[in-house]
Amino acid sequence: MGSSVLNFGLALEHDIDEQYQYTPGEVVRGNVNLETNGRTAIRRITINIRGEGVVAWEDQVNGAFKANEEYINASHVVEESQGKEPIMLEKGNHQFDFEYRLPDNLPSSFIGKFGSVTYVFKASAYGDRPGDTSLISEPFLILRSLPLPERFRHGASAKLEKRIWKKLSSGKVKLSASINRVGGTQGEDLFINAEVANRSPARITAMQTSIIMNTLYHAQNRAIPFRQIVNKRRDEYELLRGDGRRWQNVRLSIPPYIPETRLEYCDIIEVSYTLQFRIEIAGGKEMKIEFPFMVGSMQEGHEIVSRNKNSIMNRQWTLSSKELQMGPAGDPAPDYDHDGDWYHENVPELRPEDSKVTNPLFQDHDKKITHKNIENFQPTLDELPEVIENTKL
């Protein structure tokens, strides 16, 4: 079959310009496309959906630690010969549609230092001869709808001061920072105000605010933490004694493709976030203020209505795996459920770490003020100018 197949493709349908992002409970529709340059014999075409969580790291003292979870492992026969004779496809394009309702208990997609949660569709076309097989896979994203409670919409502020010594001279560095709210949803903007006053003999070399993802990976009754910056604003400006620096309404965006706080329904990876404001002092010193921060995926009151879990669309899907028997051409044969056409196979498939997906919903658009009476116009926080300036003490 291989030489007669010009193209074997797998496409998923979605409303957002073919950006394969879904929420648990949503129906995924797609098609398998087979283009042939002549009459082609096939035995079977299958589609498999796989969702898996994996954690792995090595310790020089205690060795390797591994853990995994399976969230989906179901397959569907989209076309199959009924007898000894194969199905003959004529020259041209042949399209086979499928649909699958995602379970409600799926964790969001995640790729981190020591683990990942990934989802993929894989299509397989088996020819009439052993080894005559075409394969194609398509990763996709899951983003859970975690409402952000209103209590995380309030702001927070903090102050910090530290005495710095340099030879026989000393002085204080004062730092204050505030954030307009301690929680947000993917793609939203945060606004930071901060001020630094340097009354010390030390040089302040930079100011930086960051959203930090704190991840805890679990395997074999052990855990390993990891912190990474998912977005930051950096201001590299030297402040000597008597200098100050002020931020007003500085914008920092929450990345659109980070998982929600907790990574619900995943038992081997925990996720939390911190909003940090930090100044760097010459000689390797630093001062920092940190606020616990919650990331949700929608505001409270905008929850999506729960889907019908008893839908007959794919009532035979299961999370348990079964061993497959060998088919007539040496290929795995489907192990059918008693009353349906979905079966299950052990085919691990992970989304590569270097793959990227962009979502046009989170692209920035220019905003223009078109109010006729500008004197009565009250700008929102989003419309206030961003200011980074020097101050003298």
# chains A, B, ... in the order shown; residues from 1 in each chain; ligands from 1

$ residues_around --residues "Pro225 in chain A" --least-positions-apart "2" --cutoff "7 Å" --atoms "only C-alpha atoms" --output "list in words"
Thr215, Leu216, Tyr217, Ala223 and Arg227 of chain A

$ residues_around --residues "Ser297 in chain A" --least-positions-apart "2" --cutoff "6 Å" --atoms "only C-alpha atoms" --output "PyMOL selection string"
chain A and resi 145-146+185-186

$ atom_distance --atom1 "CA of Gly83 in chain A" --atom2 "CA of Ser4 in chain A"
22.4 Å

$ closest_residue --among "A:Arg43, A:Gly242, A:Ser272, A:Lys172" --to "Thr133 in chain A" --atoms "only C-alpha atoms"
A:Arg43

$ atom_distance --atom1 "CA of Arg101 in chain A" --atom2 "CA of Tyr22 in chain A"
10.6 Å

$ atom_distance --atom1 "CA of Arg151 in chain A" --atom2 "CA of Ile229 in chain A"
24.6 Å

$ residues_around --residues "Ile87 in chain A" --least-positions-apart "3" --cutoff "12 Å" --atoms "only C-alpha atoms" --output "ChimeraX atom specification"
/A:1,39-45,79-84,90,125-128

$ write_last_selection --atoms "N, CA and C atoms" --output "compact mmCIF listing (two decimals), in the first residue's frame"
# COMPACT_ATOMS: atom_id res chain seq x y z
N MET A 1 0.81 -1.20 0.00
CA MET A 1 0.00 0.00 0.00
C MET A 1 0.85 1.26 0.00
N ARG A 39 -5.58 2.02 -7.72
CA ARG A 39 -6.36 1.10 -6.88
C ARG A 39 -5.49 0.57 -5.75
N THR A 40 -6.04 0.69 -4.52
CA THR A 40 -5.26 0.36 -3.32
C THR A 40 -6.07 -0.55 -2.42
N ALA A 41 -5.45 -1.61 -1.96
CA ALA A 41 -6.10 -2.57 -1.07
C ALA A 41 -5.80 -2.23 0.38
N ILE A 42 -6.84 -2.15 1.20
CA ILE A 42 -6.67 -1.90 2.63
C ILE A 42 -7.47 -2.93 3.43
N ARG A 43 -6.97 -3.24 4.60
CA ARG A 43 -7.66 -4.13 5.52
C ARG A 43 -8.41 -3.35 6.61
N ARG A 44 -7.80 -2.26 7.06
CA ARG A 44 -8.39 -1.58 8.21
C ARG A 44 -7.79 -0.18 8.34
N ILE A 45 -8.62 0.78 8.77
CA ILE A 45 -8.17 2.12 9.14
C ILE A 45 -8.69 2.39 10.55
N GLU A 79 -12.83 2.14 9.20
CA GLU A 79 -13.09 1.35 7.99
C GLU A 79 -12.39 0.02 8.15
N GLU A 80 -13.08 -1.09 7.73
CA GLU A 80 -12.49 -2.41 7.86
C GLU A 80 -13.14 -3.38 6.88
N SER A 81 -12.34 -4.26 6.31
CA SER A 81 -12.88 -5.29 5.43
C SER A 81 -13.64 -6.32 6.26
N GLN A 82 -14.74 -6.83 5.72
CA GLN A 82 -15.60 -7.74 6.46
C GLN A 82 -15.28 -9.22 6.22
N GLY A 83 -14.59 -9.52 5.16
CA GLY A 83 -14.26 -10.91 4.86
C GLY A 83 -12.78 -11.07 4.57
N LYS A 84 -12.47 -12.12 3.78
CA LYS A 84 -11.07 -12.37 3.45
C LYS A 84 -10.53 -11.38 2.43
N GLU A 90 -10.34 3.23 -4.97
CA GLU A 90 -9.98 3.73 -6.30
C GLU A 90 -9.02 4.92 -6.18
N ALA A 125 -3.40 3.09 8.93
CA ALA A 125 -4.02 2.41 7.78
C ALA A 125 -3.21 1.17 7.48
N TYR A 126 -3.86 0.00 7.49
CA TYR A 126 -3.20 -1.29 7.29
C TYR A 126 -3.55 -1.83 5.90
N GLY A 127 -2.51 -2.17 5.15
CA GLY A 127 -2.71 -2.71 3.81
C GLY A 127 -2.94 -4.21 3.82
N ASP A 128 -2.87 -4.79 2.64
CA ASP A 128 -3.16 -6.22 2.48
C ASP A 128 -1.94 -7.09 2.72

$ closest_residue --among "A:Ser124, A:Gln248, A:Asn37, A:Thr274" --to "Gln228 in chain A" --atoms "only C-alpha atoms"
A:Thr274

$ residues_around --residues "Phe191 in chain A" --least-positions-apart "5" --cutoff "10 Å" --atoms "only C-alpha atoms" --output "JSON, numbers by chain"
{"A": [155, 178, 179, 180, 181, 247, 248, 249, 250, 251, 252, 253, 381, 382, 386]}

$ residues_around --residues "His14 in chain A" --least-positions-apart "4" --cutoff "12 Å" --atoms "only C-alpha atoms" --output "list in words"
Glu18, Gln19, Tyr20, Gln21, Tyr22, Thr23, Glu26, Val27, Val28, Arg29, Gly30, Asn31, Glu99, Phe140, Leu141 and Asn359 of chain A

$ closest_atom_pairs --of "range 223-309 of chain A" --to "range 106-119 of chain A" --cutoff "12 Å" --atoms "only C-alpha atoms" --output "JSON lines"
{"residue": "A:Ala223", "atom": "CA", "partner": "A:Phe114", "partner_atom": "CA", "distance": 10.6}
{"residue": "A:Ile224", "atom": "CA", "partner": "A:Phe114", "partner_atom": "CA", "distance": 8.5}
{"residue": "A:Pro225", "atom": "CA", "partner": "A:Phe114", "partner_atom": "CA", "distance": 9.1}
{"residue": "A:Phe226", "atom": "CA", "partner": "A:Lys113", "partner_atom": "CA", "distance": 7.3}
{"residue": "A:Arg227", "atom": "CA", "partner": "A:Lys113", "partner_atom": "CA", "distance": 9.1}
{"residue": "A:Gln228", "atom": "CA", "partner": "A:Lys113", "partner_atom": "CA", "distance": 8.9}
{"residue": "A:Ile229", "atom": "CA", "partner": "A:Gly112", "partner_atom": "CA", "distance": 11.7}
{"residue": "A:Val230", "atom": "CA", "partner": "A:Gly112", "partner_atom": "CA", "distance": 11.1}
{"residue": "A:Tyr257", "atom": "CA", "partner": "A:Ser109", "partner_atom": "CA", "distance": 8.6}
{"residue": "A:Ile258", "atom": "CA", "partner": "A:Phe110", "partner_atom": "CA", "distance": 7.3}
{"residue": "A:Pro259", "atom": "CA", "partner": "A:Ser108", "partner_atom": "CA", "distance": 5.9}
{"residue": "A:Glu260", "atom": "CA", "partner": "A:Ser108", "partner_atom": "CA", "distance": 7.5}
{"residue": "A:Thr261", "atom": "CA", "partner": "A:Ser108", "partner_atom": "CA", "distance": 10.2}
{"residue": "A:Arg262", "atom": "CA", "partner": "A:Pro107", "partner_atom": "CA", "distance": 9.7}
{"residue": "A:Leu263", "atom": "CA", "partner": "A:Pro107", "partner_atom": "CA", "distance": 6.1}
{"residue": "A:Glu264", "atom": "CA", "partner": "A:Pro107", "partner_atom": "CA", "distance": 5.6}
{"residue": "A:Tyr265", "atom": "CA", "partner": "A:Pro107", "partner_atom": "CA", "distance": 5.1}
{"residue": "A:Cys266", "atom": "CA", "partner": "A:Pro107", "partner_atom": "CA", "distance": 5.7}
{"residue": "A:Asp267", "atom": "CA", "partner": "A:Pro107", "partner_atom": "CA", "distance": 9.5}
{"residue": "A:Ile268", "atom": "CA", "partner": "A:Gly115", "partner_atom": "CA", "distance": 8.7}
{"residue": "A:Ile269", "atom": "CA", "partner": "A:Gly115", "partner_atom": "CA", "distance": 7.5}
{"residue": "A:Glu270", "atom": "CA", "partner": "A:Gly115", "partner_atom": "CA", "distance": 10.6}
{"residue": "A:Val271", "atom": "CA", "partner": "A:Phe110", "partner_atom": "CA", "distance": 9.9}
{"residue": "A:Gly296", "atom": "CA", "partner": "A:Ser108", "partner_atom": "CA", "distance": 11.5}
{"residue": "A:Ser297", "atom": "CA", "partner": "A:Ser108", "partner_atom": "CA", "distance": 10.6}

$ write_last_selection --atoms "C-alpha atoms" --output "short mmCIF file (atom, residue, chain, number, x, y, z; two decimals), in the first residue's frame"
data_model
loop_
_atom_site.label_atom_id
_atom_site.label_comp_id
_atom_site.auth_asym_id
_atom_site.auth_seq_id
_atom_site.Cartn_x
_atom_site.Cartn_y
_atom_site.Cartn_z
CA ALA A 223 8.87 14.37 45.13
CA ILE A 224 11.10 16.88 43.38
CA PRO A 225 10.31 20.62 43.06
CA PHE A 226 11.09 22.93 40.15
CA ARG A 227 10.58 26.67 39.66
CA GLN A 228 10.51 28.41 36.31
CA ILE A 229 9.69 31.90 35.08
CA VAL A 230 6.80 31.84 32.59
CA TYR A 257 -0.97 28.28 27.48
CA ILE A 258 -0.02 27.65 31.09
CA PRO A 259 -2.17 25.26 33.14
CA GLU A 260 -4.49 26.40 35.87
CA THR A 261 -3.42 26.34 39.51
CA ARG A 262 -3.37 22.81 40.98
CA LEU A 263 -3.50 20.93 37.63
CA GLU A 264 -6.72 19.24 38.69
CA TYR A 265 -7.19 15.48 38.03
CA CYS A 266 -3.44 14.93 37.76
CA ASP A 267 -2.06 13.13 40.82
CA ILE A 268 1.64 13.12 39.89
CA ILE A 269 2.17 16.83 39.10
CA GLU A 270 1.17 19.82 41.27
CA VAL A 271 1.23 23.41 39.98
CA GLY A 296 -7.72 30.26 36.49
CA SER A 297 -9.21 29.88 33.04
#

$ closest_residue --among "A:Phe98, A:Arg50, A:Leu168, A:Ala56" --to "Glu138 in chain A" --atoms "only C-alpha atoms"
A:Arg50
